[in-house]
Amino acid sequence: MIQNNDARCFLKTQAIFIVMALFLSSCEIGKKAKSDIHVEFTQDTLNVGYTYWWPESGPFIGLCGEELSLVLIGTLTELKNPNDNPGPLYTSQKGVIKIEKVFKIKALGTQTYASQQYITTDCFYESGLTTGDQVLISCYDYEGGYTVPGGQSILKINGFEDPLINSIKTYIDHGENPLTIEGDLHLWADKNLGIALKNSIECRKELSTTH
């Protein structure tokens, strides 16, 4: 009888462990990634500034990588003629992008992205983009608002399944750690951003060895 009771206790314990393991596994599977953002779009437009004087653009600016503020993909739906009137120290050309998905939103107080389906900026001069192009946009923050620092921050992609999308999502999901996308260097090199990513990777490795 004692042996039977021991056997029953053992089986109950095993069953509890199995149930707990399945529960924890299901929780892990159901856990949302940082870049998995659901947006109920409104028919509004977000105006994003253009910091044309910044020396770098793209998702990996700064020696060790500046924090991204707004990352999304969409389609260029409107492109106005360039405006070279006196005033700005650059040739302004406005464009409108219809947003498909958003992967990163950094809260910026009253300027925080608020589900707008369209984004407009005037950094399209000599970008090589045309209406209908699908693009990946990486914005930063400047003086309390979102900004695009240049052409490489609006990258033409090959549809919404482009490998660059998974790469930038992995980057965001892992706290914008460039080491997690070291294997994607060739993808970013094709967009002339391989050196920028490599510099971020080397900087992160150096920091990890000094701490």
# chains A, B, ... in the order shown; residues from 1 in each chain; ligands from 1

$ residues_around --residues "region 183-189 of chain A" --least-positions-apart "3" --cutoff "9 Å" --atoms "only C-alpha atoms" --output "JSON, numbers by chain"
{"A": [163, 164, 167, 179, 180, 192, 193, 194, 195, 196, 197, 198]}

$ write_last_selection --atoms "all heavy atoms" --output "PDB file, in the first residue's frame"
ATOM      1  N   PRO A 163      13.548  41.001 -46.470  1.00  0.00           N
ATOM      2  CA  PRO A 163      14.335  40.553 -45.318  1.00  0.00           C
ATOM      3  C   PRO A 163      14.786  41.687 -44.400  1.00  0.00           C
ATOM      4  O   PRO A 163      15.032  41.460 -43.213  1.00  0.00           O
ATOM      5  CB  PRO A 163      15.544  39.858 -45.966  1.00  0.00           C
ATOM      6  CG  PRO A 163      15.056  39.410 -47.302  1.00  0.00           C
ATOM      7  CD  PRO A 163      14.086  40.475 -47.747  1.00  0.00           C
ATOM      8  N   LEU A 164      14.903  42.899 -44.927  1.00  0.00           N
ATOM      9  CA  LEU A 164      15.279  44.030 -44.084  1.00  0.00           C
ATOM     10  C   LEU A 164      14.271  44.266 -42.963  1.00  0.00           C
ATOM     11  O   LEU A 164      14.631  44.740 -41.889  1.00  0.00           O
ATOM     12  CB  LEU A 164      15.402  45.310 -44.927  1.00  0.00           C
ATOM     13  CG  LEU A 164      16.647  45.478 -45.793  1.00  0.00           C
ATOM     14  CD1 LEU A 164      16.550  46.768 -46.580  1.00  0.00           C
ATOM     15  CD2 LEU A 164      17.912  45.472 -44.946  1.00  0.00           C
ATOM     16  N   SER A 167      14.941  41.961 -40.149  1.00  0.00           N
ATOM     17  CA  SER A 167      16.193  42.385 -39.513  1.00  0.00           C
ATOM     18  C   SER A 167      15.969  43.557 -38.568  1.00  0.00           C
ATOM     19  O   SER A 167      16.433  43.546 -37.425  1.00  0.00           O
ATOM     20  CB  SER A 167      17.220  42.752 -40.583  1.00  0.00           C
ATOM     21  OG  SER A 167      18.468  43.075 -39.995  1.00  0.00           O
ATOM     22  N   LEU A 179      24.450  43.451 -32.232  1.00  0.00           N
ATOM     23  CA  LEU A 179      25.034  42.109 -32.256  1.00  0.00           C
ATOM     24  C   LEU A 179      24.015  41.072 -32.704  1.00  0.00           C
ATOM     25  O   LEU A 179      24.378  40.030 -33.258  1.00  0.00           O
ATOM     26  CB  LEU A 179      25.571  41.742 -30.870  1.00  0.00           C
ATOM     27  CG  LEU A 179      26.706  42.611 -30.322  1.00  0.00           C
ATOM     28  CD1 LEU A 179      27.113  42.148 -28.931  1.00  0.00           C
ATOM     29  CD2 LEU A 179      27.914  42.599 -31.253  1.00  0.00           C
ATOM     30  N   THR A 180      22.738  41.352 -32.482  1.00  0.00           N
ATOM     31  CA  THR A 180      21.690  40.388 -32.830  1.00  0.00           C
ATOM     32  C   THR A 180      21.431  40.315 -34.332  1.00  0.00           C
ATOM     33  O   THR A 180      20.772  39.387 -34.796  1.00  0.00           O
ATOM     34  CB  THR A 180      20.369  40.722 -32.107  1.00  0.00           C
ATOM     35  OG1 THR A 180      19.921  42.020 -32.513  1.00  0.00           O
ATOM     36  CG2 THR A 180      20.570  40.701 -30.602  1.00  0.00           C
ATOM     37  N   ASN A 192      23.971  50.365 -48.678  1.00  0.00           N
ATOM     38  CA  ASN A 192      25.081  51.257 -48.301  1.00  0.00           C
ATOM     39  C   ASN A 192      25.064  51.607 -46.816  1.00  0.00           C
ATOM     40  O   ASN A 192      25.479  52.697 -46.416  1.00  0.00           O
ATOM     41  CB  ASN A 192      25.050  52.551 -49.138  1.00  0.00           C
ATOM     42  CG  ASN A 192      25.272  52.290 -50.619  1.00  0.00           C
ATOM     43  OD1 ASN A 192      26.127  51.488 -50.996  1.00  0.00           O
ATOM     44  ND2 ASN A 192      24.491  52.942 -51.462  1.00  0.00           N
ATOM     45  N   LEU A 193      24.583  50.666 -46.011  1.00  0.00           N
ATOM     46  CA  LEU A 193      24.541  50.876 -44.569  1.00  0.00           C
ATOM     47  C   LEU A 193      25.335  49.806 -43.814  1.00  0.00           C
ATOM     48  O   LEU A 193      25.252  49.716 -42.591  1.00  0.00           O
ATOM     49  CB  LEU A 193      23.089  50.885 -44.076  1.00  0.00           C
ATOM     50  CG  LEU A 193      22.287  52.132 -44.466  1.00  0.00           C
ATOM     51  CD1 LEU A 193      20.796  51.905 -44.242  1.00  0.00           C
ATOM     52  CD2 LEU A 193      22.757  53.341 -43.673  1.00  0.00           C
ATOM     53  N   GLY A 194      26.103  49.023 -44.553  1.00  0.00           N
ATOM     54  CA  GLY A 194      26.901  47.968 -43.938  1.00  0.00           C
ATOM     55  C   GLY A 194      27.963  48.511 -42.998  1.00  0.00           C
ATOM     56  O   GLY A 194      28.178  47.974 -41.906  1.00  0.00           O
ATOM     57  N   ILE A 195      28.631  49.590 -43.404  1.00  0.00           N
ATOM     58  CA  ILE A 195      29.686  50.173 -42.572  1.00  0.00           C
ATOM     59  C   ILE A 195      29.098  50.741 -41.287  1.00  0.00           C
ATOM     60  O   ILE A 195      29.659  50.577 -40.202  1.00  0.00           O
ATOM     61  CB  ILE A 195      30.453  51.256 -43.351  1.00  0.00           C
ATOM     62  CG1 ILE A 195      31.238  50.617 -44.507  1.00  0.00           C
ATOM     63  CG2 ILE A 195      31.396  52.032 -42.433  1.00  0.00           C
ATOM     64  CD1 ILE A 195      31.949  51.602 -45.400  1.00  0.00           C
ATOM     65  N   ALA A 196      27.950  51.405 -41.406  1.00  0.00           N
ATOM     66  CA  ALA A 196      27.298  51.979 -40.221  1.00  0.00           C
ATOM     67  C   ALA A 196      26.936  50.885 -39.223  1.00  0.00           C
ATOM     68  O   ALA A 196      27.161  51.028 -38.018  1.00  0.00           O
ATOM     69  CB  ALA A 196      26.050  52.758 -40.634  1.00  0.00           C
ATOM     70  N   LEU A 197      26.367  49.782 -39.714  1.00  0.00           N
ATOM     71  CA  LEU A 197      26.020  48.677 -38.825  1.00  0.00           C
ATOM     72  C   LEU A 197      27.274  48.032 -38.246  1.00  0.00           C
ATOM     73  O   LEU A 197      27.323  47.714 -37.050  1.00  0.00           O
ATOM     74  CB  LEU A 197      25.190  47.636 -39.581  1.00  0.00           C
ATOM     75  CG  LEU A 197      24.829  46.362 -38.804  1.00  0.00           C
ATOM     76  CD1 LEU A 197      24.122  46.690 -37.499  1.00  0.00           C
ATOM     77  CD2 LEU A 197      23.978  45.431 -39.670  1.00  0.00           C
ATOM     78  N   LYS A 198      28.284  47.863 -39.061  1.00  0.00           N
ATOM     79  CA  LYS A 198      29.532  47.251 -38.587  1.00  0.00           C
ATOM     80  C   LYS A 198      30.164  48.092 -37.483  1.00  0.00           C
ATOM     81  O   LYS A 198      30.662  47.560 -36.481  1.00  0.00           O
ATOM     82  CB  LYS A 198      30.508  47.082 -39.748  1.00  0.00           C
ATOM     83  CG  LYS A 198      31.769  46.312 -39.380  1.00  0.00           C
ATOM     84  CD  LYS A 198      32.664  46.103 -40.590  1.00  0.00           C
ATOM     85  CE  LYS A 198      33.920  45.330 -40.200  1.00  0.00           C
ATOM     86  NZ  LYS A 198      34.813  45.110 -41.371  1.00  0.00           N
TER      87      LYS A 198
END

$ atom_distance --atom1 "CA of Thr170 (chain A)" --atom2 "CA of Phe103 (chain A)"
10.3 Å

$ select_by_dssp --residues "region 42-168 of chain A" --states "strand (DSSP E or B)" --output "PyMOL selection string"
chain A and resi 42-47+49-50+70-79+83+92-93+95-105+116-121+123+134-142+145-148+154-156

$ residues_around --residues "Val102 (chain A)" --least-positions-apart "5" --cutoff "7 Å" --atoms "only C-alpha atoms" --output "PyMOL selection string"
chain A and resi 37+71-73

$ write_last_selection --atoms "all heavy atoms" --output "CSV table (one decimal), in the first residue's frame"
chain,number,residue,atom,x,y,z
A,37,ILE,N,3.4,45.7,-32.9
A,37,ILE,CA,2.5,46.8,-32.4
A,37,ILE,C,1.3,46.8,-33.3
A,37,ILE,O,1.3,46.9,-34.5
A,37,ILE,CB,3.2,48.1,-32.5
A,37,ILE,CG1,4.5,48.1,-31.6
A,37,ILE,CG2,2.3,49.3,-32.1
A,37,ILE,CD1,5.3,49.4,-31.8
A,71,VAL,N,9.7,53.8,-36.1
A,71,VAL,CA,10.1,52.9,-37.2
A,71,VAL,C,8.8,52.3,-37.8
A,71,VAL,O,8.0,51.8,-37.1
A,71,VAL,CB,11.0,51.8,-36.7
A,71,VAL,CG1,11.4,50.9,-37.9
A,71,VAL,CG2,12.3,52.3,-36.1
A,72,LEU,N,8.7,52.4,-39.1
A,72,LEU,CA,7.5,51.9,-39.8
A,72,LEU,C,7.8,51.6,-41.3
A,72,LEU,O,8.8,51.9,-41.8
A,72,LEU,CB,6.4,53.0,-39.7
A,72,LEU,CG,6.8,54.4,-40.2
A,72,LEU,CD1,6.4,54.6,-41.7
A,72,LEU,CD2,6.0,55.5,-39.4
A,73,ILE,N,6.8,50.9,-41.9
A,73,ILE,CA,6.9,50.7,-43.3
A,73,ILE,C,5.6,51.2,-43.9
A,73,ILE,O,4.6,51.3,-43.3
A,73,ILE,CB,7.1,49.2,-43.6
A,73,ILE,CG1,6.0,48.3,-43.0
A,73,ILE,CG2,8.4,48.7,-43.3
A,73,ILE,CD1,6.0,46.9,-43.3

$ residues_around --residues "Asn158 (chain A)" --least-positions-apart "6" --cutoff "10 Å" --atoms "only C-alpha atoms" --output "list of chain:residue names"
A:Asp133, A:Gln134, A:Val135, A:Leu136, A:Leu164, A:Ile165

$ select_by_dssp --residues "region 6-210 of chain A" --states "helix (DSSP H, G or I)" --output "ChimeraX atom specification"
/A:6-30,109-111,151-153,163-173,178-189,194-210

$ closest_atom_pairs --of "region 129-192 of chain A" --to "region 78-100 of chain A" --cutoff "9 Å" --atoms "only C-alpha atoms" --output "tab-separated table"
residue	atom	partner	partner_atom	distance
A:Leu129	CA	A:Leu79	CA	8.8
A:Thr130	CA	A:Leu79	CA	7.2
A:Thr131	CA	A:Glu78	CA	5.8
A:Gly132	CA	A:Glu78	CA	8.4
A:Gln134	CA	A:Ile97	CA	8.8
A:Val135	CA	A:Ile97	CA	8.5
A:Phe160	CA	A:Glu100	CA	8.5

$ write_last_selection --atoms "N, CA, C and O atoms" --output "PDB file, in the first residue's frame"
ATOM      1  N   LEU A 129      13.204  58.093 -55.122  1.00  0.00           N
ATOM      2  CA  LEU A 129      11.934  57.402 -54.889  1.00  0.00           C
ATOM      3  C   LEU A 129      10.834  57.949 -55.786  1.00  0.00           C
ATOM      4  O   LEU A 129      10.861  59.123 -56.165  1.00  0.00           O
ATOM      5  N   THR A 130       9.874  57.097 -56.104  1.00  0.00           N
ATOM      6  CA  THR A 130       8.716  57.503 -56.898  1.00  0.00           C
ATOM      7  C   THR A 130       7.450  56.984 -56.215  1.00  0.00           C
ATOM      8  O   THR A 130       7.506  56.084 -55.375  1.00  0.00           O
ATOM      9  N   THR A 131       6.306  57.568 -56.582  1.00  0.00           N
ATOM     10  CA  THR A 131       5.044  57.128 -55.975  1.00  0.00           C
ATOM     11  C   THR A 131       4.826  55.643 -56.267  1.00  0.00           C
ATOM     12  O   THR A 131       5.110  55.158 -57.370  1.00  0.00           O
ATOM     13  N   GLY A 132       4.329  54.956 -55.286  1.00  0.00           N
ATOM     14  CA  GLY A 132       4.135  53.513 -55.396  1.00  0.00           C
ATOM     15  C   GLY A 132       5.237  52.710 -54.740  1.00  0.00           C
ATOM     16  O   GLY A 132       5.057  51.517 -54.464  1.00  0.00           O
ATOM     17  N   GLN A 134       7.514  51.144 -51.953  1.00  0.00           N
ATOM     18  CA  GLN A 134       7.338  50.738 -50.555  1.00  0.00           C
ATOM     19  C   GLN A 134       8.641  51.010 -49.812  1.00  0.00           C
ATOM     20  O   GLN A 134       9.726  50.733 -50.328  1.00  0.00           O
ATOM     21  N   VAL A 135       8.516  51.546 -48.617  1.00  0.00           N
ATOM     22  CA  VAL A 135       9.696  52.059 -47.927  1.00  0.00           C
ATOM     23  C   VAL A 135       9.719  51.666 -46.445  1.00  0.00           C
ATOM     24  O   VAL A 135       8.693  51.410 -45.832  1.00  0.00           O
ATOM     25  N   PHE A 160       6.576  44.182 -48.599  1.00  0.00           N
ATOM     26  CA  PHE A 160       6.469  44.144 -47.140  1.00  0.00           C
ATOM     27  C   PHE A 160       6.957  42.823 -46.541  1.00  0.00           C
ATOM     28  O   PHE A 160       6.801  42.595 -45.344  1.00  0.00           O
TER      29      PHE A 160
END

$ residues_around --residues "region 147-151 of chain A" --least-positions-apart "6" --cutoff "10 Å" --atoms "only C-alpha atoms" --output "VMD selection string"
chain A and resid 47 to 59 61 69 to 70 121 to 129 137 to 141

$ atom_distance --atom1 "CA of Leu108 (chain A)" --atom2 "CA of Tyr142 (chain A)"
9.7 Å
